[in-house]
$ cat upload35.pdb   # PDB, C-alpha atoms and all ligand atoms
ATOM      1  CA  MET A  25      -0.822  24.751  25.122  1.00  0.00           C
ATOM      2  CA  GLN A  26      -1.769  25.055  21.466  1.00  0.00           C
ATOM      3  CA  ILE A  27      -1.387  22.706  18.537  1.00  0.00           C
ATOM      4  CA  THR A  28       1.661  23.544  16.476  1.00  0.00           C
ATOM      5  CA  GLU A  29       4.680  21.779  15.015  1.00  0.00           C
ATOM      6  CA  LYS A  30       6.403  19.260  17.281  1.00  0.00           C
ATOM      7  CA  MET A  31       3.326  18.611  19.404  1.00  0.00           C
ATOM      8  CA  VAL A  32       1.867  15.178  20.096  1.00  0.00           C
ATOM      9  CA  VAL A  33      -1.900  15.525  19.879  1.00  0.00           C
ATOM     10  CA  THR A  34      -4.603  13.158  21.135  1.00  0.00           C
ATOM     11  CA  LEU A  35      -7.966  13.389  19.384  1.00  0.00           C
ATOM     12  CA  ASN A  36     -11.396  11.879  19.699  1.00  0.00           C
ATOM     13  CA  TYR A  37     -13.136  12.034  16.354  1.00  0.00           C
ATOM     14  CA  THR A  38     -15.946  10.784  14.183  1.00  0.00           C
ATOM     15  CA  LEU A  39     -15.535  10.726  10.419  1.00  0.00           C
ATOM     16  CA  LYS A  40     -18.632  10.631   8.205  1.00  0.00           C
ATOM     17  CA  ASP A  41     -19.254  10.723   4.485  1.00  0.00           C
ATOM     18  CA  ASP A  42     -21.735  13.170   2.931  1.00  0.00           C
ATOM     19  CA  ASP A  43     -24.597  10.722   3.533  1.00  0.00           C
ATOM     20  CA  GLY A  44     -23.892  10.671   7.268  1.00  0.00           C
ATOM     21  CA  ASN A  45     -22.448   7.147   7.317  1.00  0.00           C
ATOM     22  CA  VAL A  46     -19.743   6.740   9.956  1.00  0.00           C
ATOM     23  CA  ILE A  47     -16.520   5.748   8.181  1.00  0.00           C
ATOM     24  CA  ASP A  48     -14.211   5.826  11.168  1.00  0.00           C
ATOM     25  CA  SER A  49     -14.308   6.830  14.803  1.00  0.00           C
ATOM     26  CA  ALA A  50     -12.063   7.019  17.862  1.00  0.00           C
ATOM     27  CA  GLN A  51     -13.658   8.066  21.143  1.00  0.00           C
ATOM     28  CA  ASP A  52     -11.411   6.532  23.789  1.00  0.00           C
ATOM     29  CA  GLY A  53      -8.353   8.773  23.554  1.00  0.00           C
ATOM     30  CA  SER A  54      -6.431   6.079  21.715  1.00  0.00           C
ATOM     31  CA  PHE A  55      -5.686   8.168  18.604  1.00  0.00           C
ATOM     32  CA  THR A  56      -2.510  10.243  18.778  1.00  0.00           C
ATOM     33  CA  TYR A  57      -0.378  11.814  16.060  1.00  0.00           C
ATOM     34  CA  LEU A  58       2.695  13.995  15.714  1.00  0.00           C
ATOM     35  CA  HIS A  59       1.683  17.392  14.352  1.00  0.00           C
ATOM     36  CA  GLY A  60       3.682  18.661  11.378  1.00  0.00           C
ATOM     37  CA  ALA A  61       4.959  15.230  10.337  1.00  0.00           C
ATOM     38  CA  ALA A  62       2.276  14.382   7.753  1.00  0.00           C
ATOM     39  CA  ASN A  63       0.913  11.648  10.050  1.00  0.00           C
ATOM     40  CA  ILE A  64      -2.656  12.669   9.173  1.00  0.00           C
ATOM     41  CA  ILE A  65      -4.305  14.107   6.062  1.00  0.00           C
ATOM     42  CA  PRO A  66      -3.353  17.730   5.282  1.00  0.00           C
ATOM     43  CA  GLY A  67      -6.895  19.128   5.550  1.00  0.00           C
ATOM     44  CA  LEU A  68      -7.315  17.894   9.117  1.00  0.00           C
ATOM     45  CA  GLU A  69      -3.808  18.868  10.177  1.00  0.00           C
ATOM     46  CA  ASN A  70      -4.343  22.428   8.904  1.00  0.00           C
ATOM     47  CA  ALA A  71      -7.714  22.739  10.633  1.00  0.00           C
ATOM     48  CA  LEU A  72      -6.146  21.818  13.974  1.00  0.00           C
ATOM     49  CA  ILE A  73      -3.382  24.445  14.010  1.00  0.00           C
ATOM     50  CA  GLY A  74      -3.768  26.729  17.023  1.00  0.00           C
ATOM     51  CA  LYS A  75      -6.463  24.634  18.706  1.00  0.00           C
ATOM     52  CA  GLY A  76      -6.184  23.923  22.425  1.00  0.00           C
ATOM     53  CA  GLU A  77      -7.056  21.088  24.769  1.00  0.00           C
ATOM     54  CA  GLY A  78     -10.824  20.699  25.075  1.00  0.00           C
ATOM     55  CA  ASP A  79     -11.556  22.464  21.775  1.00  0.00           C
ATOM     56  CA  SER A  80     -14.106  20.917  19.438  1.00  0.00           C
ATOM     57  CA  LEU A  81     -14.390  21.495  15.738  1.00  0.00           C
ATOM     58  CA  SER A  82     -16.337  20.268  12.747  1.00  0.00           C
ATOM     59  CA  VAL A  83     -14.482  20.348   9.471  1.00  0.00           C
ATOM     60  CA  THR A  84     -15.330  19.247   5.938  1.00  0.00           C
ATOM     61  CA  ILE A  85     -12.352  18.214   3.844  1.00  0.00           C
ATOM     62  CA  GLU A  86     -12.378  17.984   0.060  1.00  0.00           C
ATOM     63  CA  PRO A  87     -10.611  14.982  -1.531  1.00  0.00           C
ATOM     64  CA  GLU A  88      -7.596  17.022  -2.650  1.00  0.00           C
ATOM     65  CA  GLU A  89      -6.880  17.819   1.029  1.00  0.00           C
ATOM     66  CA  GLY A  90      -7.821  14.293   2.068  1.00  0.00           C
ATOM     67  CA  TYR A  91      -7.011  11.028   0.283  1.00  0.00           C
ATOM     68  CA  GLY A  92      -6.883  12.499  -3.226  1.00  0.00           C
ATOM     69  CA  GLU A  93      -9.172  12.198  -6.206  1.00  0.00           C
ATOM     70  CA  ARG A  94      -9.963   8.808  -7.685  1.00  0.00           C
ATOM     71  CA  ASN A  95      -7.697   7.792 -10.550  1.00  0.00           C
ATOM     72  CA  ASP A  96      -9.378   5.340 -12.917  1.00  0.00           C
ATOM     73  CA  SER A  97      -6.036   4.321 -14.410  1.00  0.00           C
ATOM     74  CA  MET A  98      -5.284   2.644 -11.062  1.00  0.00           C
ATOM     75  CA  THR A  99      -8.004   0.117 -11.772  1.00  0.00           C
ATOM     76  CA  GLN A 100      -7.216  -2.947 -13.859  1.00  0.00           C
ATOM     77  CA  VAL A 101      -8.598  -6.357 -14.712  1.00  0.00           C
ATOM     78  CA  VAL A 102      -6.340  -9.297 -13.970  1.00  0.00           C
ATOM     79  CA  SER A 103      -6.750 -13.048 -14.190  1.00  0.00           C
ATOM     80  CA  ARG A 104      -7.755 -14.971 -11.097  1.00  0.00           C
ATOM     81  CA  ASP A 105      -4.694 -17.175 -11.753  1.00  0.00           C
ATOM     82  CA  LEU A 106      -2.458 -14.313 -10.594  1.00  0.00           C
ATOM     83  CA  PHE A 107      -3.568 -14.781  -7.010  1.00  0.00           C
ATOM     84  CA  GLU A 108      -1.435 -17.311  -5.244  1.00  0.00           C
ATOM     85  CA  GLY A 109      -2.739 -19.920  -2.878  1.00  0.00           C
ATOM     86  CA  ASP A 110      -6.175 -21.400  -2.729  1.00  0.00           C
ATOM     87  CA  GLU A 111      -7.783 -18.699  -0.630  1.00  0.00           C
ATOM     88  CA  GLU A 112     -11.089 -17.632  -2.115  1.00  0.00           C
ATOM     89  CA  ILE A 113     -11.015 -14.191  -3.749  1.00  0.00           C
ATOM     90  CA  THR A 114     -13.895 -11.950  -2.665  1.00  0.00           C
ATOM     91  CA  VAL A 115     -14.902  -8.354  -3.340  1.00  0.00           C
ATOM     92  CA  GLY A 116     -13.351  -6.018  -0.780  1.00  0.00           C
ATOM     93  CA  MET A 117     -10.292  -8.179  -0.077  1.00  0.00           C
ATOM     94  CA  GLN A 118      -7.100  -6.174   0.175  1.00  0.00           C
ATOM     95  CA  PHE A 119      -3.645  -7.091  -1.024  1.00  0.00           C
ATOM     96  CA  HIS A 120      -0.234  -5.541  -0.694  1.00  0.00           C
ATOM     97  CA  ALA A 121       1.328  -4.829  -4.051  1.00  0.00           C
ATOM     98  CA  GLU A 122       3.951  -2.643  -5.645  1.00  0.00           C
ATOM     99  CA  SER A 123       3.129   0.350  -7.805  1.00  0.00           C
ATOM    100  CA  PRO A 124       4.825   0.696 -11.239  1.00  0.00           C
ATOM    101  CA  ASP A 125       7.433   2.994  -9.643  1.00  0.00           C
ATOM    102  CA  GLY A 126       8.162   0.496  -6.870  1.00  0.00           C
ATOM    103  CA  GLN A 127       6.205   2.085  -4.032  1.00  0.00           C
ATOM    104  CA  PRO A 128       4.275  -0.213  -1.673  1.00  0.00           C
ATOM    105  CA  MET A 129       0.541   0.162  -2.158  1.00  0.00           C
ATOM    106  CA  THR A 130      -2.664  -1.535  -1.102  1.00  0.00           C
ATOM    107  CA  VAL A 131      -5.043  -2.746  -3.774  1.00  0.00           C
ATOM    108  CA  SER A 132      -8.536  -4.027  -3.194  1.00  0.00           C
ATOM    109  CA  VAL A 133     -10.757  -6.354  -5.188  1.00  0.00           C
ATOM    110  CA  ALA A 134     -13.503  -4.200  -6.713  1.00  0.00           C
ATOM    111  CA  HIS A 135     -15.337  -6.681  -8.938  1.00  0.00           C
ATOM    112  CA  ILE A 136     -15.214 -10.343  -9.971  1.00  0.00           C
ATOM    113  CA  GLU A 137     -16.661 -11.809 -13.135  1.00  0.00           C
ATOM    114  CA  GLY A 138     -15.680 -15.372 -13.960  1.00  0.00           C
ATOM    115  CA  ASP A 139     -11.889 -15.458 -14.034  1.00  0.00           C
ATOM    116  CA  ASP A 140     -11.635 -11.671 -14.424  1.00  0.00           C
ATOM    117  CA  VAL A 141     -10.792  -9.896 -11.191  1.00  0.00           C
ATOM    118  CA  THR A 142     -10.936  -6.086 -11.173  1.00  0.00           C
ATOM    119  CA  ILE A 143      -8.448  -4.635  -8.720  1.00  0.00           C
ATOM    120  CA  ASP A 144      -8.372  -1.016  -7.575  1.00  0.00           C
ATOM    121  CA  GLY A 145      -5.235   0.734  -6.306  1.00  0.00           C
ATOM    122  CA  ASN A 146      -7.051   3.876  -5.206  1.00  0.00           C
ATOM    123  CA  HIS A 147      -7.233   4.580  -1.488  1.00  0.00           C
ATOM    124  CA  PRO A 148     -10.686   3.441  -0.302  1.00  0.00           C
ATOM    125  CA  LEU A 149     -11.438   7.069   0.652  1.00  0.00           C
ATOM    126  CA  ALA A 150     -10.111   8.629  -2.581  1.00  0.00           C
ATOM    127  CA  GLY A 151     -12.691  11.001  -4.040  1.00  0.00           C
ATOM    128  CA  VAL A 152     -14.691  11.058  -0.805  1.00  0.00           C
ATOM    129  CA  ARG A 153     -15.529  14.299   0.992  1.00  0.00           C
ATOM    130  CA  LEU A 154     -14.658  13.838   4.662  1.00  0.00           C
ATOM    131  CA  ASN A 155     -16.720  15.316   7.488  1.00  0.00           C
ATOM    132  CA  PHE A 156     -14.887  15.261  10.796  1.00  0.00           C
ATOM    133  CA  ASP A 157     -16.213  16.050  14.264  1.00  0.00           C
ATOM    134  CA  VAL A 158     -13.107  16.397  16.382  1.00  0.00           C
ATOM    135  CA  ASN A 159     -12.398  16.974  20.053  1.00  0.00           C
ATOM    136  CA  VAL A 160      -8.864  17.787  21.167  1.00  0.00           C
ATOM    137  CA  VAL A 161      -8.240  15.551  24.180  1.00  0.00           C
ATOM    138  CA  GLY A 162      -4.583  16.212  24.900  1.00  0.00           C
ATOM    139  CA  ILE A 163      -1.482  18.041  23.721  1.00  0.00           C
ATOM    140  CA  ARG A 164       2.119  17.490  24.792  1.00  0.00           C
ATOM    141  CA  GLU A 165       5.534  18.280  23.404  1.00  0.00           C
ATOM    142  CA  ALA A 166       7.127  15.549  21.324  1.00  0.00           C
ATOM    143  CA  SER A 167      10.320  13.930  22.601  1.00  0.00           C
ATOM    144  CA  ALA A 168      13.528  14.307  20.623  1.00  0.00           C
ATOM    145  CA  GLU A 169      13.274  10.647  19.657  1.00  0.00           C
ATOM    146  CA  GLU A 170       9.711  11.066  18.392  1.00  0.00           C
ATOM    147  CA  MET A 171      10.781  14.074  16.315  1.00  0.00           C
ATOM    148  CA  GLU A 172      13.651  12.087  14.845  1.00  0.00           C
ATOM    149  CA  HIS A 173      11.349   9.196  13.941  1.00  0.00           C
ATOM    150  CA  GLY A 174       8.486  11.385  12.717  1.00  0.00           C
ATOM    151  CA  HIS A 175       5.832   9.557  14.740  1.00  0.00           C
ATOM    152  CA  VAL A 176       4.458   9.109  18.256  1.00  0.00           C
ATOM    153  CA  HIS A 177       5.796   6.531  20.672  1.00  0.00           C
ATOM    154  CA  GLY A 178       3.518   4.900  23.223  1.00  0.00           C
ATOM    155  CA  PRO A 179       3.548   5.565  26.973  1.00  0.00           C
ATOM    156  CA  ASP A 180       6.011   2.694  27.487  1.00  0.00           C
ATOM    157  CA  GLY A 181       8.483   4.093  25.008  1.00  0.00           C
ATOM    158  CA  HIS A 182       9.562   2.455  21.831  1.00  0.00           C
ATOM    159  CA  HIS A 183       7.109   0.099  20.168  1.00  0.00           C
ATOM    160  CA  HIS A 184       8.873  -0.880  16.998  1.00  0.00           C
TER     161      HIS A 184
HETATM  162 ZN    ZN B   1       9.887   5.514  16.473  1.00  0.00          ZN
END

$ encode --input "upload35.pdb" --output "structure tokens"
Amino acid sequence: MQITEKMVVTLNYTLKDDDGNVIDSAQDGSFTYLHGAANIIPGLENALIGKGEGDSLSVTIEPEEGYGERNDSMTQVVSRDLFEGDEEITVGMQFHAESPDGQPMTVSVAHIEGDDVTIDGNHPLAGVRLNFDVNVVGIREASAEEMEHGHVHGPDGHHH
């Protein structure tokens, strides 16, 4: 069986940046995705087409095929007063927000100086070259329900 549209694929992988730092990893067969449904970044999805169970590959993905280039206009300085509650604001904290066109987005705190908080709406991996070592652990056909939903359901069926 080969990876193509409408297949549910299980991968073990390690993701590193160009300095060799591990950004993300799944080695226990717990990562599955529906191929052809934009569940994963385009560069990785394309590299996996035609691969079979047991295949290994190393692939380097440029930002435009990954999480996009950084966009400095998505960074802005806001007043600390804007943050509700009395939770302490720290660098690296993430918040759910709405983009100017109403799309849900995640912003993170990039910098704090006095009452000025710099928030960044870029994906944390925007502008980063991604180096994947991937092993294809399993491939199966997607169910009709999974195809309709555009994502994988767990072994016990529906999880949402
Ligand atoms: Zn579903």

$ resolve_selection --input "upload35.pdb" --expression "the PyMOL selection byres (((not hetatm)) within 7 of (chain B and resi 1))" --output "list in words"
Glu169, Glu170, His173, His175, Val176, His177, His182 and His184 of chain A

$ closest_residue --input "upload35.pdb" --among "A:Gly174, A:Pro128, A:Gly90, A:Gly162" --to "Asn70 of chain A" --atoms "only C-alpha atoms"
A:Gly90

$ resolve_selection --input "upload35.pdb" --expression "the PyMOL selection byres (((chain A and resi 97-112) around 8) and not hetatm)" --output "list in words"
Asn95, Asp96, Ile113, Thr114, Asp139, Asp140, Val141, Thr142, Ile143, Asp144, Gly145 and Asn146 of chain A

$ axis_aligned_box --input "upload35.pdb" --around "segment 77-82 of chain A" --padding-each-side "5 Å" --output "lines of an AutoDock Vina configuration file"
center_x = -11.7
center_y = 21.4
center_z = 18.9
size_x = 19.3
size_y = 12.2
size_z = 22.3

$ resolve_selection --input "upload35.pdb" --expression "the PyMOL selection byres (((chain A and resi 160) around 7) and not hetatm)" --output "number ranges by chain"
A: 34-36, 76-80, 158-159, 161-162

$ residues_around --input "upload35.pdb" --residues "segment 58-69 of chain A" --least-positions-apart "3" --cutoff "12 Å" --atoms "all atoms listed in the file" --output "PyMOL selection string"
chain A and resi 26-35+37+39+55+72-75+81-92+149-150+153-158+162-178

$ atom_distance --input "upload35.pdb" --atom1 "atom CA of Gln51 of chain A" --atom2 "atom CA of Glu93 of chain A"
28.0 Å

$ residues_near_point --input "upload35.pdb" --point "(-15.0, -3.8, -8.0)" --cutoff "7 Å" --atoms "all atoms listed in the file" --output "PyMOL selection string"
chain A and resi 115+133-136+142-143

$ atom_distance --input "upload35.pdb" --atom1 "atom CA of Glu122 of chain A" --atom2 "atom CA of Glu137 of chain A"
23.8 Å

$ residues_near_point --input "upload35.pdb" --point "(-3.5, -5.8, -3.9)" --cutoff "6 Å" --atoms "all atoms listed in the file" --output "list in words"
Gln118, Phe119, His120, Ala121, Thr130, Val131 and Ser132 of chain A

$ atom_distance --input "upload35.pdb" --atom1 "atom CA of His147 of chain A" --atom2 "atom CA of Ser54 of chain A"
23.3 Å

$ closest_residue --input "upload35.pdb" --among "A:Pro124, A:Gly138, A:Pro148, A:Gly116" --to "Ile47 of chain A" --atoms "all atoms listed in the file"
A:Pro148
